[in-house]
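Participant: So here's coords_19.tsv (TSV, C-alpha atoms).
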```tsv
chain	number	residue	atom	x	y	z
A	1	ASP	CA	-46.69	6.78	7.99
A	2	GLY	CA	-44.89	3.51	7.30
A	3	GLY	CA	-45.90	1.14	4.57
A	4	ILE	CA	-45.34	-0.30	1.16
A	5	THR	CA	-46.53	1.42	-1.99
A	6	GLN	CA	-46.95	0.25	-5.55
A	7	SER	CA	-47.48	2.29	-8.67
A	8	PRO	CA	-49.26	2.58	-10.93
A	9	LYS	CA	-52.54	1.00	-9.86
A	10	TYR	CA	-53.32	0.06	-13.48
A	11	LEU	CA	-50.80	-0.39	-16.27
A	12	PHE	CA	-51.38	-1.07	-19.94
A	13	ARG	CA	-48.80	-2.79	-22.06
A	14	LYS	CA	-48.60	-2.86	-25.82
A	15	GLU	CA	-47.28	-5.93	-27.55
A	16	GLY	CA	-43.48	-6.00	-27.62
A	17	GLN	CA	-43.17	-3.35	-24.94
A	18	ASN	CA	-41.29	-3.59	-21.65
A	19	VAL	CA	-43.03	-2.06	-18.65
A	20	THR	CA	-41.77	-1.42	-15.12
A	21	LEU	CA	-43.81	-1.72	-11.94
A	22	SER	CA	-42.68	0.31	-8.96
A	23	CYS	CA	-42.48	-0.94	-5.37
A	24	GLU	CA	-41.25	1.21	-2.48
A	25	GLN	CA	-41.19	0.54	1.27
A	26	ASN	CA	-40.24	2.70	4.24
A	27	LEU	CA	-40.40	-0.10	6.81
A	28	ASN	CA	-36.61	-0.57	6.80
A	29	HIS	CA	-37.14	-4.18	5.74
A	30	ASP	CA	-34.27	-6.16	4.23
A	31	ALA	CA	-36.37	-8.61	2.19
A	32	MET	CA	-38.69	-7.78	-0.70
A	33	TYR	CA	-40.80	-9.99	-2.95
A	34	TRP	CA	-42.76	-9.88	-6.19
A	35	TYR	CA	-45.78	-12.13	-6.73
A	36	ARG	CA	-48.14	-12.70	-9.61
A	37	GLN	CA	-51.82	-13.50	-8.97
A	38	ASP	CA	-54.13	-14.77	-11.69
A	39	PRO	CA	-57.94	-14.65	-11.27
A	40	GLY	CA	-59.17	-17.03	-8.58
A	41	GLN	CA	-55.65	-18.24	-7.90
A	42	GLY	CA	-53.07	-18.03	-5.16
A	43	LEU	CA	-49.82	-16.09	-5.33
A	44	ARG	CA	-46.82	-17.29	-7.32
A	45	LEU	CA	-43.37	-15.96	-6.54
A	46	ILE	CA	-41.57	-14.18	-9.39
A	47	TYR	CA	-38.41	-12.82	-7.73
A	48	TYR	CA	-37.27	-12.06	-4.22
A	49	SER	CA	-34.41	-10.17	-2.63
A	50	GLN	CA	-33.10	-10.76	0.87
A	51	ILE	CA	-30.60	-7.91	0.82
A	52	VAL	CA	-29.58	-4.93	-1.30
A	53	ASN	CA	-27.74	-5.79	-4.54
A	54	ASP	CA	-28.85	-9.42	-4.39
A	55	PHE	CA	-31.96	-11.22	-5.67
A	56	GLN	CA	-33.10	-14.74	-6.54
A	57	LYS	CA	-35.50	-16.19	-9.06
A	58	GLY	CA	-38.80	-17.51	-7.78
A	59	ASP	CA	-41.03	-20.10	-9.40
A	60	ILE	CA	-42.02	-18.08	-12.48
A	61	ALA	CA	-39.12	-15.71	-13.25
A	62	GLU	CA	-39.07	-16.18	-17.03
A	63	GLY	CA	-39.98	-12.96	-18.86
A	64	TYR	CA	-39.38	-10.77	-15.80
A	65	SER	CA	-36.39	-8.88	-14.42
A	66	VAL	CA	-35.69	-6.98	-11.20
A	67	SER	CA	-33.08	-4.80	-9.56
A	68	ARG	CA	-32.34	-3.98	-5.91
A	69	GLU	CA	-30.03	-0.99	-5.87
A	70	LYS	CA	-31.62	0.60	-2.80
A	71	LYS	CA	-33.03	-1.03	0.31
A	72	GLU	CA	-36.39	0.70	-0.07
A	73	SER	CA	-36.97	-0.03	-3.77
A	74	PHE	CA	-37.51	-3.23	-5.76
A	75	PRO	CA	-38.82	-2.48	-9.27
A	76	LEU	CA	-40.12	-5.27	-11.51
A	77	THR	CA	-39.81	-5.12	-15.30
A	78	VAL	CA	-42.19	-7.19	-17.37
A	79	THR	CA	-40.34	-7.80	-20.61
A	80	SER	CA	-41.67	-8.54	-24.07
A	81	ALA	CA	-40.58	-12.14	-23.50
A	82	GLN	CA	-43.46	-12.58	-21.03
A	83	LYS	CA	-46.17	-13.73	-23.40
A	84	ASN	CA	-49.05	-13.74	-20.94
A	85	PRO	CA	-48.48	-10.77	-18.62
A	86	THR	CA	-52.09	-9.93	-17.79
A	87	ALA	CA	-52.35	-10.41	-14.03
A	88	PHE	CA	-52.42	-8.70	-10.65
A	89	TYR	CA	-48.89	-8.04	-9.37
A	90	LEU	CA	-48.21	-7.80	-5.65
A	91	CYS	CA	-45.08	-6.58	-3.94
A	92	ALA	CA	-44.29	-7.46	-0.34
A	93	SER	CA	-41.57	-6.89	2.21
A	94	SER	CA	-40.47	-8.51	5.44
A	95	ILE	CA	-37.83	-7.96	8.10
A	96	GLY	CA	-35.82	-10.71	6.43
A	97	GLY	CA	-32.15	-11.45	6.90
A	98	ALA	CA	-30.37	-14.80	7.05
A	99	GLY	CA	-33.22	-16.66	5.38
A	100	ARG	CA	-35.77	-15.74	8.03
A	101	ILE	CA	-39.39	-16.33	7.06
A	102	GLU	CA	-41.46	-13.79	8.92
A	103	THR	CA	-44.63	-11.82	8.32
A	104	GLN	CA	-44.87	-10.23	4.90
A	105	TYR	CA	-46.41	-6.81	4.37
A	106	PHE	CA	-48.10	-6.29	1.05
A	107	GLY	CA	-48.62	-3.31	-1.19
A	108	PRO	CA	-52.00	-2.56	-2.81
A	109	GLY	CA	-51.04	-4.21	-6.11
A	110	THR	CA	-50.74	-3.23	-9.78
A	111	ARG	CA	-53.11	-4.64	-12.36
A	112	LEU	CA	-51.35	-5.13	-15.70
A	113	LEU	CA	-53.45	-5.34	-18.84
A	114	VAL	CA	-52.35	-5.97	-22.40
A	115	LEU	CA	-53.68	-3.74	-25.19
B	116	SER	CA	-44.90	-28.89	-5.60
B	117	GLN	CA	-44.58	-27.68	-2.04
B	118	GLN	CA	-47.70	-25.56	-2.41
B	119	GLY	CA	-50.28	-25.92	0.30
B	120	GLU	CA	-53.80	-26.96	-0.53
B	121	GLU	CA	-56.79	-25.30	1.00
B	122	ASP	CA	-60.32	-26.45	1.40
B	123	PRO	CA	-62.98	-25.63	0.85
B	124	GLN	CA	-62.31	-23.48	-2.22
B	125	ALA	CA	-65.44	-21.48	-1.41
B	126	LEU	CA	-67.56	-21.15	1.71
B	127	SER	CA	-70.85	-19.30	2.15
B	128	ILE	CA	-72.31	-18.77	5.62
B	129	GLN	CA	-74.72	-16.51	7.49
B	130	GLU	CA	-73.61	-13.75	9.80
B	131	GLY	CA	-73.01	-15.03	13.31
B	132	GLU	CA	-71.98	-18.50	12.19
B	133	ASN	CA	-68.44	-19.84	12.51
B	134	ALA	CA	-66.22	-20.35	9.46
B	135	THR	CA	-63.54	-23.01	9.28
B	136	MET	CA	-60.89	-23.21	6.58
B	137	ASN	CA	-58.25	-25.90	6.26
B	138	CYS	CA	-54.76	-25.97	4.82
B	139	SER	CA	-52.53	-28.97	4.12
B	140	TYR	CA	-48.90	-28.97	3.10
B	141	LYS	CA	-46.31	-31.53	2.05
B	142	THR	CA	-42.96	-31.02	3.77
B	143	SER	CA	-41.72	-29.89	7.17
B	144	ILE	CA	-42.21	-26.21	7.86
B	145	ASN	CA	-40.70	-23.46	10.00
B	146	ASN	CA	-44.00	-21.63	10.34
B	147	LEU	CA	-47.44	-21.31	8.79
B	148	GLN	CA	-49.20	-17.99	8.22
B	149	TRP	CA	-52.73	-16.95	7.32
B	150	TYR	CA	-53.51	-13.91	5.20
B	151	ARG	CA	-56.71	-12.21	4.12
B	152	GLN	CA	-57.36	-10.49	0.79
B	153	ASN	CA	-60.30	-8.27	0.00
B	154	SER	CA	-61.24	-8.19	-3.66
B	155	GLY	CA	-58.68	-6.32	-5.76
B	156	ARG	CA	-56.49	-5.46	-2.78
B	157	GLY	CA	-53.20	-6.54	-1.29
B	158	LEU	CA	-52.94	-9.26	1.34
B	159	VAL	CA	-53.14	-8.52	5.05
B	160	HIS	CA	-51.36	-10.74	7.57
B	161	LEU	CA	-53.67	-12.32	10.16
B	162	ILE	CA	-51.64	-14.72	12.25
B	163	LEU	CA	-48.37	-16.70	12.28
B	164	ILE	CA	-47.99	-20.04	14.03
B	165	ARG	CA	-44.61	-21.67	14.44
B	166	SER	CA	-43.91	-25.38	13.99
B	167	ASN	CA	-43.53	-25.90	17.75
B	168	GLU	CA	-46.91	-24.31	18.51
B	169	ARG	CA	-50.26	-26.09	18.32
B	170	GLU	CA	-52.79	-23.29	18.70
B	171	LYS	CA	-52.94	-19.49	18.57
B	172	HIS	CA	-55.68	-16.98	19.07
B	173	SER	CA	-56.15	-13.43	17.88
B	174	GLY	CA	-59.50	-11.83	18.59
B	175	ARG	CA	-62.16	-13.91	16.78
B	176	LEU	CA	-59.48	-15.96	15.01
B	177	ARG	CA	-58.23	-19.34	16.16
B	178	VAL	CA	-55.49	-21.19	14.29
B	179	THR	CA	-54.41	-24.76	14.94
B	180	LEU	CA	-51.41	-26.60	13.57
B	181	ASP	CA	-50.95	-30.36	13.44
B	182	THR	CA	-47.44	-31.08	12.17
B	183	SER	CA	-48.00	-34.85	12.26
B	184	LYS	CA	-50.84	-34.46	9.76
B	185	LYS	CA	-49.19	-31.51	8.01
B	186	SER	CA	-52.33	-29.47	8.31
B	187	SER	CA	-53.68	-26.26	9.80
B	188	SER	CA	-57.10	-24.78	10.28
B	189	LEU	CA	-58.36	-21.22	10.63
B	190	LEU	CA	-61.56	-20.68	12.59
B	191	ILE	CA	-63.38	-17.37	12.46
B	192	THR	CA	-66.01	-17.19	15.18
B	193	ALA	CA	-69.21	-15.11	15.09
B	194	SER	CA	-68.58	-14.09	11.49
B	195	ARG	CA	-69.58	-10.69	10.14
B	196	ALA	CA	-70.37	-9.50	6.62
B	197	ALA	CA	-67.07	-7.58	6.76
B	198	ASP	CA	-65.23	-10.92	7.00
B	199	THR	CA	-66.13	-11.59	3.37
B	200	ALA	CA	-62.77	-12.03	1.62
B	201	SER	CA	-60.33	-14.65	0.36
B	202	TYR	CA	-58.15	-16.33	2.94
B	203	PHE	CA	-54.75	-17.80	2.13
B	204	CYS	CA	-52.41	-20.01	4.08
B	205	ALA	CA	-48.69	-19.65	3.46
B	206	THR	CA	-45.96	-21.99	4.59
B	207	GLY	CA	-42.43	-20.95	5.46
B	208	TYR	CA	-39.64	-23.45	5.13
B	209	ASN	CA	-36.28	-23.59	6.83
B	210	GLN	CA	-34.37	-22.82	3.67
B	211	GLY	CA	-34.82	-19.99	1.23
B	212	GLY	CA	-36.52	-17.23	3.20
B	213	LYS	CA	-39.69	-17.39	1.15
B	214	LEU	CA	-43.34	-18.34	1.62
B	215	ILE	CA	-45.40	-20.76	-0.45
B	216	PHE	CA	-49.04	-19.70	-0.76
B	217	GLY	CA	-52.07	-21.92	-1.12
B	218	GLN	CA	-54.88	-21.33	-3.62
B	219	GLY	CA	-57.11	-19.71	-1.05
B	220	THR	CA	-60.62	-20.08	0.34
B	221	GLU	CA	-63.23	-17.56	-0.78
B	222	LEU	CA	-65.47	-16.77	2.18
B	223	SER	CA	-68.84	-15.09	1.73
B	224	VAL	CA	-70.71	-14.00	4.86
B	225	LYS	CA	-74.30	-13.06	4.19
B	226	PRO	CA	-76.04	-10.51	6.44
```
Take the structure in the file and give it back as structure tokens.
Facilitator:
Amino acid sequence: DGGITQSPKYLFRKEGQNVTLSCEQNLNHDAMYWYRQDPGQGLRLIYYSQIVNDFQKGDIAEGYSVSREKKESFPLTVTSAQKNPTAFYLCASSIGGAGRIETQYFGPGTRLLVL
Amino acid sequence: SQQGEEDPQALSIQEGENATMNCSYKTSINNLQWYRQNSGRGLVHLILIRSNEREKHSGRLRVTLDTSKKSSSLLITASRAADTASYFCATGYNQGGKLIFGQGTELSVKP
């Protein structure tokens, strides 16, 4: 059963706390992406990775960090430096490679709320 | 910003009617994609049209691309209540391996 999974579905962050959102795929895709979606808005790219052990900043990387140690995993950490983290976070993957821009497959999302 | 713009922002129609959504973008693209998002869910890919294509069909979906006007349209024919969702266009550029998403059109199909 191939797909992309995100956990948890809901995440609560206390002020000053770092939290990590999980994203896993078993589609054997090279490229993975993290997006942020605010209510009634489109998706904004936070970070993306086209290959293991490499990643690039997107349009709104400040206050976030990522790692890509395994092909199937691309966790996102929301640090305390991100002052407005409340949003819906979406992870996606695509076949990727050599800057290809193909269909992206999305996970179900994680909703991050600040306590 | 390279971000595409979609219109209308919201569209309300009756079941059986056709729904048309438009997307405009600013610079030359490699391809343009349409995605659908049900409330609180992830996005689902609908259709991809490449810069050398003018029209594509998939079931009740018809997508057109006019590169001279830097615009695309998504037509959903014979709409159903289950088509109620937000629809996003996303443009892929020749450099960078990433997509730029528009703000979306919120479609409501009333039974």
Participant: Which chain A residues have any atom within 7 Å of an atom of chain B, and for each, what is the nearest pair of atoms with distance in Å to one decimal, counting all atoms listed in the file, rows sorted by chain and number, as a tab-separated table?
Facilitator:
```
residue	atom	partner	partner_atom	distance
A:Gln41	CA	B:Gln218	CA	5.3
A:Gly42	CA	B:Gln218	CA	4.1
A:Leu43	CA	B:Phe216	CA	5.9
A:Leu90	CA	B:Gly157	CA	6.7
A:Gly99	CA	B:Gly212	CA	4.0
A:Arg100	CA	B:Gly212	CA	5.1
A:Ile101	CA	B:Gly212	CA	4.9
A:Thr103	CA	B:His160	CA	6.9
A:Tyr105	CA	B:Val159	CA	7.0
A:Phe106	CA	B:Gly157	CA	5.6
A:Gly107	CA	B:Gly157	CA	5.6
A:Pro108	CA	B:Gly157	CA	4.4
A:Gly109	CA	B:Gly157	CA	5.8
```
Participant: Would you output that residue set with C-alpha atoms, as a tab-separated table (two decimals), in the coordinates of the input?
Facilitator:
```tsv
chain	number	residue	atom	x	y	z
A	41	GLN	CA	-55.65	-18.24	-7.90
A	42	GLY	CA	-53.07	-18.03	-5.16
A	43	LEU	CA	-49.82	-16.09	-5.33
A	90	LEU	CA	-48.21	-7.80	-5.65
A	99	GLY	CA	-33.22	-16.66	5.38
A	100	ARG	CA	-35.77	-15.74	8.03
A	101	ILE	CA	-39.39	-16.33	7.06
A	103	THR	CA	-44.63	-11.82	8.32
A	105	TYR	CA	-46.41	-6.81	4.37
A	106	PHE	CA	-48.10	-6.29	1.05
A	107	GLY	CA	-48.62	-3.31	-1.19
A	108	PRO	CA	-52.00	-2.56	-2.81
A	109	GLY	CA	-51.04	-4.21	-6.11
```
Participant: Could you state the separation of CA of His29 (chain A) and CA of Ser65 (chain A) in Å, given to one decimal place?
Facilitator: 20.7 Å
Participant: Which value, in Å to one decimal, gives the distance between CA of Ser223 (chain B) and CA of Thr199 (chain B)?
Facilitator: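 Rounded to one decimal, the two atoms are 4.7 Å apart.
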Participant: Compile the contact shell of Thr182 (chain B) as a PyMOL selection string: residues with an atom at most 9 Å away, counting only C-alpha atoms, same-chain residues fewer than 5 positions apart removed.
Facilitator: chain B and resi 143-144+166-167+169+187
Participant: Taking (-34.6, -2.1, -7.9) in the file's own coordinates, collect the residues within 12 Å, counting all atoms listed in the file, and hand them back as a PyMOL selection string.
Facilitator: chain A and resi 20-25+32-34+47-49+51-55+65-77
Participant: Using all atoms listed in the file, determine which residues lie at most 7 Å from Leu45 (chain A), disregarding the query and same-chain residues fewer than 5 positions distant; provide the list as a ChimeraX atom specification.
Facilitator: /A:34-36,58-60
Participant: Give me the residues near Arg111 (chain A) as a PDB file with C-alpha atoms, in the coordinates of the input, where near means some atom within 7 Å (using only C-alpha atoms) and where sequence neighbours in that chain fewer than 5 positions away do not count.
Facilitator:
```pdb
ATOM      1  CA  LYS A   9     -52.540   1.000  -9.860  1.00  0.00           C
ATOM      2  CA  TYR A  10     -53.320   0.060 -13.480  1.00  0.00           C
ATOM      3  CA  LEU A  11     -50.800  -0.390 -16.270  1.00  0.00           C
ATOM      4  CA  ALA A  87     -52.350 -10.410 -14.030  1.00  0.00           C
ATOM      5  CA  PHE A  88     -52.420  -8.700 -10.650  1.00  0.00           C
ATOM      6  CA  TYR A  89     -48.890  -8.040  -9.370  1.00  0.00           C
TER       7      TYR A  89
END
```
